[in-house]
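Visitor: If it helps, the file is called protein.pdb and holds PDB, C-alpha atoms, pLDDT in the B column:
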ATOM      1  CA  MET A   1      13.916  22.346 -12.187  1.00 76.00           C
ATOM      2  CA  ALA A   2      12.340  20.255  -9.436  1.00 88.00           C
ATOM      3  CA  GLY A   3      11.182  16.724 -10.103  1.00 93.00           C
ATOM      4  CA  LEU A   4       8.483  14.497  -8.713  1.00 95.00           C
ATOM      5  CA  ASN A   5       8.616  10.749  -8.191  1.00 96.00           C
ATOM      6  CA  LYS A   6       5.388   9.581  -6.556  1.00 97.00           C
ATOM      7  CA  ILE A   7       3.287   6.462  -6.911  1.00 97.00           C
ATOM      8  CA  ILE A   8      -0.064   5.703  -5.291  1.00 97.00           C
ATOM      9  CA  VAL A   9      -1.500   2.189  -5.283  1.00 97.00           C
ATOM     10  CA  ILE A  10      -4.647   0.770  -3.720  1.00 97.00           C
ATOM     11  CA  GLY A  11      -4.724  -2.994  -3.615  1.00 96.00           C
ATOM     12  CA  ARG A  12      -4.599  -6.152  -1.541  1.00 96.00           C
ATOM     13  CA  LEU A  13      -1.573  -7.644   0.152  1.00 97.00           C
ATOM     14  CA  GLY A  14      -0.304 -10.684  -1.703  1.00 95.00           C
ATOM     15  CA  ARG A  15       1.586 -12.063   1.297  1.00 95.00           C
ATOM     16  CA  ASP A  16       2.170 -11.318   4.954  1.00 97.00           C
ATOM     17  CA  PRO A  17       4.735  -8.571   5.586  1.00 97.00           C
ATOM     18  CA  GLU A  18       8.294  -9.597   6.422  1.00 98.00           C
ATOM     19  CA  MET A  19      10.290  -7.453   8.829  1.00 97.00           C
ATOM     20  CA  ARG A  20      14.063  -7.600   8.908  1.00 97.00           C
ATOM     21  CA  TYR A  21      16.688  -5.463  10.540  1.00 97.00           C
ATOM     22  CA  THR A  22      19.628  -3.615   9.037  1.00 95.00           C
ATOM     23  CA  PRO A  23      23.070  -4.224  10.597  1.00 96.00           C
ATOM     24  CA  SER A  24      22.535  -1.026  12.605  1.00 95.00           C
ATOM     25  CA  GLY A  25      19.261  -2.426  14.036  1.00 95.00           C
ATOM     26  CA  LYS A  26      16.839  -0.376  11.930  1.00 96.00           C
ATOM     27  CA  PRO A  27      13.615  -2.291  11.041  1.00 97.00           C
ATOM     28  CA  VAL A  28      12.677  -2.670   7.375  1.00 97.00           C
ATOM     29  CA  THR A  29       9.395  -4.289   6.308  1.00 97.00           C
ATOM     30  CA  ASN A  30       8.503  -5.457   2.830  1.00 96.00           C
ATOM     31  CA  PHE A  31       5.327  -6.852   1.329  1.00 97.00           C
ATOM     32  CA  SER A  32       3.590  -7.078  -2.028  1.00 97.00           C
ATOM     33  CA  VAL A  33       0.386  -5.418  -3.183  1.00 97.00           C
ATOM     34  CA  ALA A  34      -1.777  -6.581  -6.094  1.00 96.00           C
ATOM     35  CA  THR A  35      -4.152  -4.438  -8.120  1.00 95.00           C
ATOM     36  CA  SER A  36      -6.638  -5.866 -10.588  1.00 93.00           C
ATOM     37  CA  ARG A  37      -8.702  -4.418 -13.366  1.00 93.00           C
ATOM     38  CA  SER A  38     -11.366  -6.008 -15.499  1.00 94.00           C
ATOM     39  CA  TYR A  39     -11.983  -5.132 -19.115  1.00 93.00           C
ATOM     40  CA  THR A  40     -13.751  -6.400 -22.203  1.00 94.00           C
ATOM     41  CA  THR A  41     -11.812  -7.077 -25.384  1.00 93.00           C
ATOM     42  CA  SER A  42     -13.000  -5.870 -28.785  1.00 93.00           C
ATOM     43  CA  GLU A  43     -14.288  -9.435 -29.348  1.00 93.00           C
ATOM     44  CA  GLY A  44     -16.511  -9.136 -26.233  1.00 92.00           C
ATOM     45  CA  GLU A  45     -14.372 -11.415 -24.046  1.00 93.00           C
ATOM     46  CA  ARG A  46     -14.192 -10.413 -20.371  1.00 95.00           C
ATOM     47  CA  ARG A  47     -10.618 -10.407 -18.974  1.00 94.00           C
ATOM     48  CA  GLU A  48      -8.915  -9.529 -15.723  1.00 94.00           C
ATOM     49  CA  GLU A  49      -5.389  -8.194 -15.409  1.00 95.00           C
ATOM     50  CA  THR A  50      -3.355  -8.096 -12.185  1.00 95.00           C
ATOM     51  CA  GLU A  51      -0.292  -5.956 -11.464  1.00 94.00           C
ATOM     52  CA  TRP A  52       2.034  -6.714  -8.540  1.00 94.00           C
ATOM     53  CA  PHE A  53       4.016  -4.125  -6.598  1.00 96.00           C
ATOM     54  CA  ASP A  54       6.814  -4.790  -4.118  1.00 96.00           C
ATOM     55  CA  VAL A  55       6.689  -2.328  -1.220  1.00 97.00           C
ATOM     56  CA  ASP A  56       9.569  -1.508   1.159  1.00 97.00           C
ATOM     57  CA  ALA A  57       8.999   0.419   4.413  1.00 97.00           C
ATOM     58  CA  TRP A  58      12.311   1.973   5.525  1.00 96.00           C
ATOM     59  CA  ILE A  59      10.859   4.473   8.017  1.00 95.00           C
ATOM     60  CA  PRO A  60      11.238   2.632  11.362  1.00 95.00           C
ATOM     61  CA  ARG A  61       7.790   3.344  12.867  1.00 95.00           C
ATOM     62  CA  LEU A  62       6.076   2.731   9.514  1.00 96.00           C
ATOM     63  CA  ALA A  63       7.925  -0.593   9.163  1.00 96.00           C
ATOM     64  CA  GLU A  64       6.793  -1.682  12.626  1.00 96.00           C
ATOM     65  CA  VAL A  65       3.142  -0.667  12.084  1.00 95.00           C
ATOM     66  CA  CYS A  66       2.959  -2.436   8.706  1.00 96.00           C
ATOM     67  CA  ASN A  67       4.438  -5.590  10.190  1.00 96.00           C
ATOM     68  CA  GLN A  68       2.058  -5.487  13.161  1.00 95.00           C
ATOM     69  CA  TYR A  69      -1.263  -4.704  11.449  1.00 93.00           C
ATOM     70  CA  LEU A  70      -1.084  -5.926   7.845  1.00 95.00           C
ATOM     71  CA  THR A  71      -1.766  -9.475   6.710  1.00 95.00           C
ATOM     72  CA  LYS A  72      -2.257 -11.207   3.400  1.00 96.00           C
ATOM     73  CA  GLY A  73      -5.491 -10.153   1.675  1.00 95.00           C
ATOM     74  CA  LYS A  74      -5.936  -6.810   3.497  1.00 95.00           C
ATOM     75  CA  LEU A  75      -6.877  -3.766   1.418  1.00 96.00           C
ATOM     76  CA  VAL A  76      -4.336  -0.919   1.658  1.00 96.00           C
ATOM     77  CA  TYR A  77      -3.471   2.462   0.215  1.00 97.00           C
ATOM     78  CA  VAL A  78       0.281   2.815  -0.287  1.00 97.00           C
ATOM     79  CA  GLU A  79       2.122   5.929  -1.371  1.00 97.00           C
ATOM     80  CA  GLY A  80       5.793   6.399  -1.985  1.00 97.00           C
ATOM     81  CA  ARG A  81       8.649   6.786  -4.404  1.00 97.00           C
ATOM     82  CA  LEU A  82       9.138   4.398  -7.316  1.00 96.00           C
ATOM     83  CA  ARG A  83      12.595   2.833  -7.162  1.00 95.00           C
ATOM     84  CA  SER A  84      14.198   0.822  -9.988  1.00 94.00           C
ATOM     85  CA  SER A  85      17.050  -1.607  -9.563  1.00 92.00           C
ATOM     86  CA  THR A  86      18.819  -4.303 -11.550  1.00 93.00           C
ATOM     87  CA  TYR A  87      20.124  -7.665 -10.479  1.00 90.00           C
ATOM     88  CA  GLU A  88      21.621 -10.749 -12.052  1.00 93.00           C
ATOM     89  CA  THR A  89      20.023 -14.199 -11.786  1.00 93.00           C
ATOM     90  CA  GLN A  90      22.007 -17.370 -11.058  1.00 93.00           C
ATOM     91  CA  ASP A  91      21.955 -18.009 -14.822  1.00 93.00           C
ATOM     92  CA  GLY A  92      23.719 -14.685 -15.410  1.00 93.00           C
ATOM     93  CA  GLU A  93      20.565 -13.091 -16.812  1.00 94.00           C
ATOM     94  CA  LYS A  94      20.088  -9.388 -16.085  1.00 94.00           C
ATOM     95  CA  ARG A  95      16.715  -8.513 -14.524  1.00 92.00           C
ATOM     96  CA  PHE A  96      14.995  -5.267 -13.612  1.00 90.00           C
ATOM     97  CA  LYS A  97      12.829  -4.688 -10.567  1.00 89.00           C
ATOM     98  CA  ASN A  98      10.554  -1.810  -9.599  1.00 91.00           C
ATOM     99  CA  SER A  99       9.527  -1.311  -5.990  1.00 95.00           C
ATOM    100  CA  ILE A 100       7.752   1.317  -3.935  1.00 97.00           C
ATOM    101  CA  ASN A 101       9.764   3.026  -1.209  1.00 97.00           C
ATOM    102  CA  LEU A 102       6.865   3.565   1.211  1.00 97.00           C
ATOM    103  CA  SER A 103       6.199   7.001   2.690  1.00 96.00           C
ATOM    104  CA  GLU A 104       2.524   6.614   3.665  1.00 96.00           C
ATOM    105  CA  VAL A 105       0.120   3.744   4.246  1.00 95.00           C
ATOM    106  CA  GLN A 106      -3.583   3.688   5.064  1.00 95.00           C
ATOM    107  CA  PHE A 107      -5.381   0.556   6.181  1.00 94.00           C
ATOM    108  CA  LEU A 108      -8.642   0.378   4.247  1.00 94.00           C
ATOM    109  CA  ASP A 109     -10.157  -2.753   5.791  1.00 86.00           C
ATOM    110  CA  PRO A 110     -12.071  -1.660   8.919  1.00 81.00           C
ATOM    111  CA  MET A 111     -10.682  -4.425  11.136  1.00 64.00           C
ATOM    112  CA  SER A 112      -7.052  -3.749  10.174  1.00 47.00           C
ATOM    113  CA  ARG A 113      -6.921  -0.124  11.318  1.00 49.00           C
ATOM    114  CA  PRO A 114      -4.699   0.349  14.348  1.00 51.00           C
ATOM    115  CA  VAL A 115      -6.527   1.349  17.503  1.00 47.00           C
ATOM    116  CA  ASP A 116      -5.743   4.825  18.821  1.00 47.00           C
ATOM    117  CA  PRO A 117      -4.468   4.373  22.397  1.00 43.00           C
ATOM    118  CA  GLU A 118      -5.725   7.885  23.244  1.00 47.00           C
ATOM    119  CA  THR A 119      -9.362   6.824  22.888  1.00 42.00           C
ATOM    120  CA  SER A 120     -10.925   4.803  25.653  1.00 38.00           C
ATOM    121  CA  ASP A 121     -13.707   3.292  23.563  1.00 42.00           C
ATOM    122  CA  GLY A 122     -11.358   1.277  21.335  1.00 41.00           C
ATOM    123  CA  SER A 123     -12.223   3.237  18.209  1.00 41.00           C
ATOM    124  CA  THR A 124      -9.661   3.921  15.503  1.00 42.00           C
ATOM    125  CA  GLY A 125      -9.596   7.613  16.304  1.00 44.00           C
ATOM    126  CA  ASP A 126     -10.923   8.484  12.849  1.00 46.00           C
ATOM    127  CA  PRO A 127     -13.666  11.103  12.676  1.00 40.00           C
ATOM    128  CA  PRO A 128     -17.079   9.751  11.688  1.00 38.00           C
ATOM    129  CA  PRO A 129     -17.764   9.893   7.953  1.00 40.00           C
ATOM    130  CA  THR A 130     -19.615  12.927   6.655  1.00 36.00           C
ATOM    131  CA  PRO A 131     -23.162  11.963   5.694  1.00 37.00           C
ATOM    132  CA  PRO A 132     -24.073  12.548   2.044  1.00 40.00           C
ATOM    133  CA  THR A 133     -26.352  15.443   1.270  1.00 38.00           C
ATOM    134  CA  ASP A 134     -29.287  15.346  -1.132  1.00 42.00           C
ATOM    135  CA  ASN A 135     -29.855  19.082  -1.133  1.00 42.00           C
ATOM    136  CA  ALA A 136     -27.795  21.041  -3.695  1.00 43.00           C
ATOM    137  CA  GLU A 137     -28.194  24.189  -1.579  1.00 48.00           C
ATOM    138  CA  ASP A 138     -26.098  22.562   1.174  1.00 44.00           C
ATOM    139  CA  LEU A 139     -23.072  22.209  -1.101  1.00 42.00           C
ATOM    140  CA  PRO A 140     -20.234  24.695  -0.401  1.00 43.00           C
ATOM    141  CA  PHE A 141     -19.739  25.603  -4.083  1.00 36.00           C
TER
END
Please lay out the structure from this file as structure tokens.

Guide:
Amino acid sequence: MAGLNKIIVIGRLGRDPEMRYTPSGKPVTNFSVATSRSYTTSEGERREETEWFDVDAWIPRLAEVCNQYLTKGKLVYVEGRLRSSTYETQDGEKRFKNSINLSEVQFLDPMSRPVDPETSDGSTGDPPPTPPTDNAEDLPF
């Protein structure tokens, strides 16, 4: 039986990316992404909850692009495999850590999208958004 390990997160970078190199010279970039949700308790109190995700980009070109174009506070879509690990603190306490092994990233802030060198006008190379339709007869279903 085949399995699936996939996580998708949309959030804001909590810190600037850090790029390091493996002993063989391969770039690896890591950064953190925060997601927030607001909710109201049964007592009517408004609360906000934030989850943090560590993200590791092991694919060389992806690591370089993330390091070059992402900065703290930018909105991103990250997709990858959830990876769990354990480590021991200096006090001898065992800790668990979950991180995302990045396979795809999309820059959601307009100014953070990389420029496509193939276009001469400096655009991102993305097609223009499809305008919404008000006529139900125009819908394809």

Visitor: The PyMOL selection byres ((chain A and resi 11) around 6) on the file shown: which residues, as a VMD selection string?

Guide: chain A and resid 10 12 33 to 35 75 to 76

Visitor: My list of candidates is A:Asn5, A:Thr29, A:Ser24, A:Gln106. Which is closest to Glu64 of chain A when distances are computed with all atoms listed in the file?

Guide: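 Using all atoms listed in the file, Glu64 of chain A sits closest to A:Thr29.
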
Visitor: Specify as a list in words each residue included when the PyMOL selection byres ((chain A and resi 4) around 12) is applied to this file.

Guide: Met1, Ala2, Gly3, Asn5, Lys6, Ile7, Gly80, Arg81 and Leu82 of chain A

Visitor: Can you list, as a ChimeraX atom specification, every protein, DNA or RNA residue that comes within 8 Å of Trp58 of chain A when you count all atoms listed in the file, leaving out same-chain residues fewer than 2 positions away?

Guide: /A:27-29,56,60,62-63,101-102

Visitor: Applied to this file, what does the PyMOL selection byres ((chain A and resi 78) around 6) return in terms of residues, put as a PDB file with C-alpha atoms, keeping the file's coordinate frame?

Guide:
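Result file expr-v7.pdb:
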ATOM      1  CA  ILE A   8      -0.064   5.703  -5.291  1.00 97.00           C
ATOM      2  CA  VAL A   9      -1.500   2.189  -5.283  1.00 97.00           C
ATOM      3  CA  TYR A  77      -3.471   2.462   0.215  1.00 97.00           C
ATOM      4  CA  GLU A  79       2.122   5.929  -1.371  1.00 97.00           C
ATOM      5  CA  GLU A 104       2.524   6.614   3.665  1.00 96.00           C
ATOM      6  CA  VAL A 105       0.120   3.744   4.246  1.00 95.00           C
TER       7      VAL A 105
END

Visitor: Which of these, A:Ile59, A:Leu13, A:Glu93, A:Tyr21, has the shortest distance to Leu108 of chain A once you count all atoms listed in the file?

Guide: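 Selected residue with least distance to Leu108 of chain A: A:Leu13.
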
Visitor: Mind giving me the straight-line distance from atom CA of Gly73 of chain A to atom CA of Thr50 of chain A in Å, one decimal?

Guide: 14.2 Å

Visitor: Figure out the distance between atom CA of Asn67 of chain A and atom CA of Thr22 of chain A, please, to one decimal in Å.

Guide: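 The value is 15.4 Å.
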
Visitor: Figure out the distance between atom CA of Phe31 of chain A and atom CA of Glu18 of chain A, please, to one decimal in Å.

Guide: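 The value is 6.5 Å.
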
Visitor: Could you give me the axis-aligned bounding box of segment 77-85 of chain A, with 8 Å of padding per side, as centre plus edge lengths in Å to one decimal, as JSON?

Guide:
{"center_x": 6.8, "center_y": 2.6, "center_z": -4.9, "size_x": 36.5, "size_y": 24.4, "size_z": 26.2}

Visitor: Check the smallest atom-to-atom distance from each of A:Arg61, A:Arg15, A:Lys26, A:Arg46 to Ser103 of chain A using all atoms listed in the file, then report the winner.

Guide: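 Closest residue, counting all atoms listed in the file: A:Arg61.
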
Visitor: Could you list, as a PDB file with C-alpha atoms, in the coordinates of the input, every residue within 6 Å of Val55 of chain A, counting all atoms listed in the file and ignoring same-chain residues fewer than 4 positions away?

Guide:
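What landed in part15.pdb:
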ATOM      1  CA  ASN A  30       8.503  -5.457   2.830  1.00 96.00           C
ATOM      2  CA  PHE A  31       5.327  -6.852   1.329  1.00 97.00           C
ATOM      3  CA  SER A  32       3.590  -7.078  -2.028  1.00 97.00           C
ATOM      4  CA  SER A  99       9.527  -1.311  -5.990  1.00 95.00           C
ATOM      5  CA  ILE A 100       7.752   1.317  -3.935  1.00 97.00           C
TER       6      ILE A 100
END

Visitor: Which one of A:Phe107, A:Phe96, A:Tyr87, A:Phe53 sits closest to Lys74 of chain A if you count all atoms listed in the file?

Guide: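 Looking only at the distances to Lys74 of chain A, the closest residue turns out to be A:Phe107.
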
Visitor: So which one's closest to Pro17 of chain A, A:Asp109, A:Asn98, A:Asp54, A:Glu88? Using all atoms listed in the file, please.

Guide: A:Asp54
